[in-house]
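Notes follow the structure.
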Amino acid sequence: MTPHSLSDRIATLPKAELHLHLEGSIQPATVCVLTARHGIVITEEEVRRRYAYRDFPEFIETFKWVTSFLREPQDYALIARDLAEHLFTQHVVYTEVTLSIGVMLLRKQQPEANFEALLRATEQFESRGLRVRWVFDAARQFGAAAAMEVVESAKRCNSKSIVAFGIGGDELSVPTKEFRGVYDRAAQLGLHRLMHAGEVGGPEKIREAIELLGAERIGHGIAAINDPQLLDFLAERKIPLEICPASNMNTGALARQLKLQNATIENHPLPKLLRHGIPVVLSTDDPAMFHTTLNEEYANAARMGLVEEELARIVEMGFEHAFSPVGEGRGA
Ligand SMILES: [Zn+2]
């Protein structure tokens, strides 16, 4: 798809990208470089075949496969440089990049060494107008003790550029309340709190993340569409949903939430959520793995029927709900 319905004005506006996984941003050509570094020759076509999924578990399998080639700090530096160059093409000037620290720890890596390499790789982009901030992310299915280790590694890395702690992964695994102590600790360390909720899980996961853990933004949250009271709650509390349309199509999350055999982009609830007064930020989630870009997501929003002023408002909200001080993101 081309962003044919997107005006030049929206396409070229400086943007913030707030829900973006580093490990989901590895373009097929870079995957080939990575695998070759570790002795495995693979074609781009083969990578593209793996970058296609029928459902969420298949996507998770591919995510595991790609990340299995992230073994040394310089591997992380390579993919961060690649991502930054890609973000320039999308007019992104501020981003909060999610790092799967939980996966690093599972693989017995040193998050501090990887993070140091990431900082060195991305610092040079500040002078070109791209500010990169980091979200330390735990995998829900690994449990609360492993998640606590992620928070502690954020403390050890001791960098102001780490702005938040979050949890992603299998939403249907460990109950929300088990992470209470982990989020309390994150708050104590001055980290903002995020959680993927209501992506494939029900609306109660969203409410729990906010009420039990103090989540300040919700990753996806499209299940809210199935709970009118929750829609009012999100609008009143002004809790932003990080909406990633291409991701929801590719993982089958949209069809699942709408109880449809096949969902189309026009079925996405983004317009309804926005017009209900819920703050939304538009994001790509895993752009390489979902074959999308940030401008393509704005084009998707236009396909859903949002008018130009609404798209411009969403661009604004990306900065308003960023975790770095207001105004800093636009180079003002
Ligand atoms: Zn995500």
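Labels used: A, B, ... for chains in the order of the structure tokens, numbers from 1 for residues in each chain, and numbers from 1 for ligands as shown.
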
Let me have all residues with an atom within 7 Å of ligand 1, counting only C-alpha atoms and all ligand atoms, laid out as a count of residues only. 7

Which residues are close to Met317 (chain A), i.e. within 10 Å by only C-alpha atoms, leaving aside same-chain residues fewer than 4 positions away? Reply as a PyMOL selection string. chain A and resi 15-16+240+279-282+311-313+321-322

Write out as a PyMOL selection string which residues come within 10 Å of Lys64 (chain A) when counting only C-alpha atoms, dropping same-chain ones fewer than 6 positions away. chain A and resi 23+58+103

Please determine, counting only C-alpha atoms, which residue among A:Glu204, A:Leu260, A:Ile243, A:Glu216 has the shortest atom-to-atom distance to Pro228 (chain A). A:Glu204

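Nearest-residue note for Ala223 (chain A): choosing from A:Cys157, A:Leu254, A:Val315, A:Val33, the minimum distance belongs to A:Leu254, counting only C-alpha atoms.
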
I'd like the neighbourhood of region 123-134 of chain A as a compact mmCIF listing (two decimals) with C-alpha atoms, in the first residue's frame, where a residue qualifies if any of its atoms comes within 7 Å (using only C-alpha atoms), though same-chain residues fewer than 6 positions away should be ignored.
# COMPACT_ATOMS: atom_id res chain seq x y z
CA VAL A 92 10.35 11.38 13.48
CA VAL A 93 12.16 13.80 15.80
CA TYR A 94 11.42 12.09 19.11
CA THR A 95 11.05 8.42 19.92
CA GLU A 96 10.67 6.16 22.91
CA VAL A 97 12.15 2.82 21.86
CA THR A 98 11.19 -0.33 23.74
CA SER A 161 17.40 8.52 28.72
CA ILE A 162 15.58 5.50 30.22
CA VAL A 163 12.15 7.04 30.68
CA ALA A 164 9.86 4.10 31.41

Excluding Ala299 (chain A) and any residue of its chain fewer than 4 positions from it, enumerate the residues within 12 Å of it, using only C-alpha atoms, and give them as a PyMOL selection string. chain A and resi 1-8+10-11+245-246+265-266+282-283+292-295+303-308+311

Pick from A:Ile239, A:Ile60, A:Ala138, A:Leu70: nearest to Arg37 (chain A), with only C-alpha atoms counted? A:Leu70

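Residues lying within 9 Å of Ala29 (chain A), counting only C-alpha atoms and ignoring same-chain neighbours fewer than 4 positions away, are Val33, Leu34, Thr43, Glu44 and Val47 of chain A.
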
Any idea what the distance is between CA of Ala288 (chain A) and CA of Ala263 (chain A)? 21.2 Å

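Closest to Gly318 (chain A) among A:Gly198, A:Ala139, A:Arg217, A:Leu119 is A:Arg217, based on only C-alpha atoms.
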
So which one's closest to Glu178 (chain A), A:Leu274, A:Ala146, A:Ala224, A:Ala80? Using only C-alpha atoms, please. A:Ala146

Might you pull out every residue within 10 Å of Ser247 (chain A), with only C-alpha atoms counted and same-chain residues fewer than 5 positions away left off, and present them as a VMD selection string? chain A and resid 56 199 220 252 to 254 283 to 287 289 to 292 297

Selection to disk with C-alpha atoms, as a CSV table (one decimal), in the first residue's frame:
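The file below, again_21.csv, is the result:
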chain,number,residue,atom,x,y,z
A,56,PHE,CA,-0.2,-13.8,17.5
A,199,GLU,CA,-4.4,-6.2,22.5
A,220,HIS,CA,-2.8,-1.1,22.1
A,252,GLY,CA,-5.1,-11.0,14.1
A,253,ALA,CA,-5.7,-8.9,17.3
A,254,LEU,CA,-8.2,-6.7,15.5
A,283,SER,CA,2.6,4.0,16.3
A,284,THR,CA,4.1,1.2,14.3
A,285,ASP,CA,4.9,-1.3,17.1
A,286,ASP,CA,7.3,-3.6,15.0
A,287,PRO,CA,7.6,-1.7,11.7
A,289,MET,CA,8.0,-7.2,11.1
A,290,PHE,CA,4.6,-5.7,10.2
A,291,HIS,CA,5.7,-4.1,6.9
A,292,THR,CA,4.7,-0.6,7.9
A,297,GLU,CA,0.0,4.3,9.8

Any chance you could list, as a VMD selection string, the residues in region 110-269 of chain A that come up helix (DSSP H, G or I) when DSSP is run on the backbone? chain A and resid 111 to 123 126 to 128 140 to 142 144 to 157 176 to 188 203 to 213 222 to 226 228 to 237 245 to 250 253 to 258 265 to 267

Taking into account only C-alpha atoms, which residue in the set A:His268, A:Arg120, A:Arg54, A:Arg49 is nearest to Leu78 (chain A)?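 Nearest candidate to Leu78 (chain A) out of A:His268, A:Arg120, A:Arg54, A:Arg49: A:Arg120.
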
Could you give me the residues within region 120-250 of chain A that DSSP places in strand (DSSP E or B), as a PyMOL selection string? chain A and resi 131-139+162-168+192-197+217-220+241-243
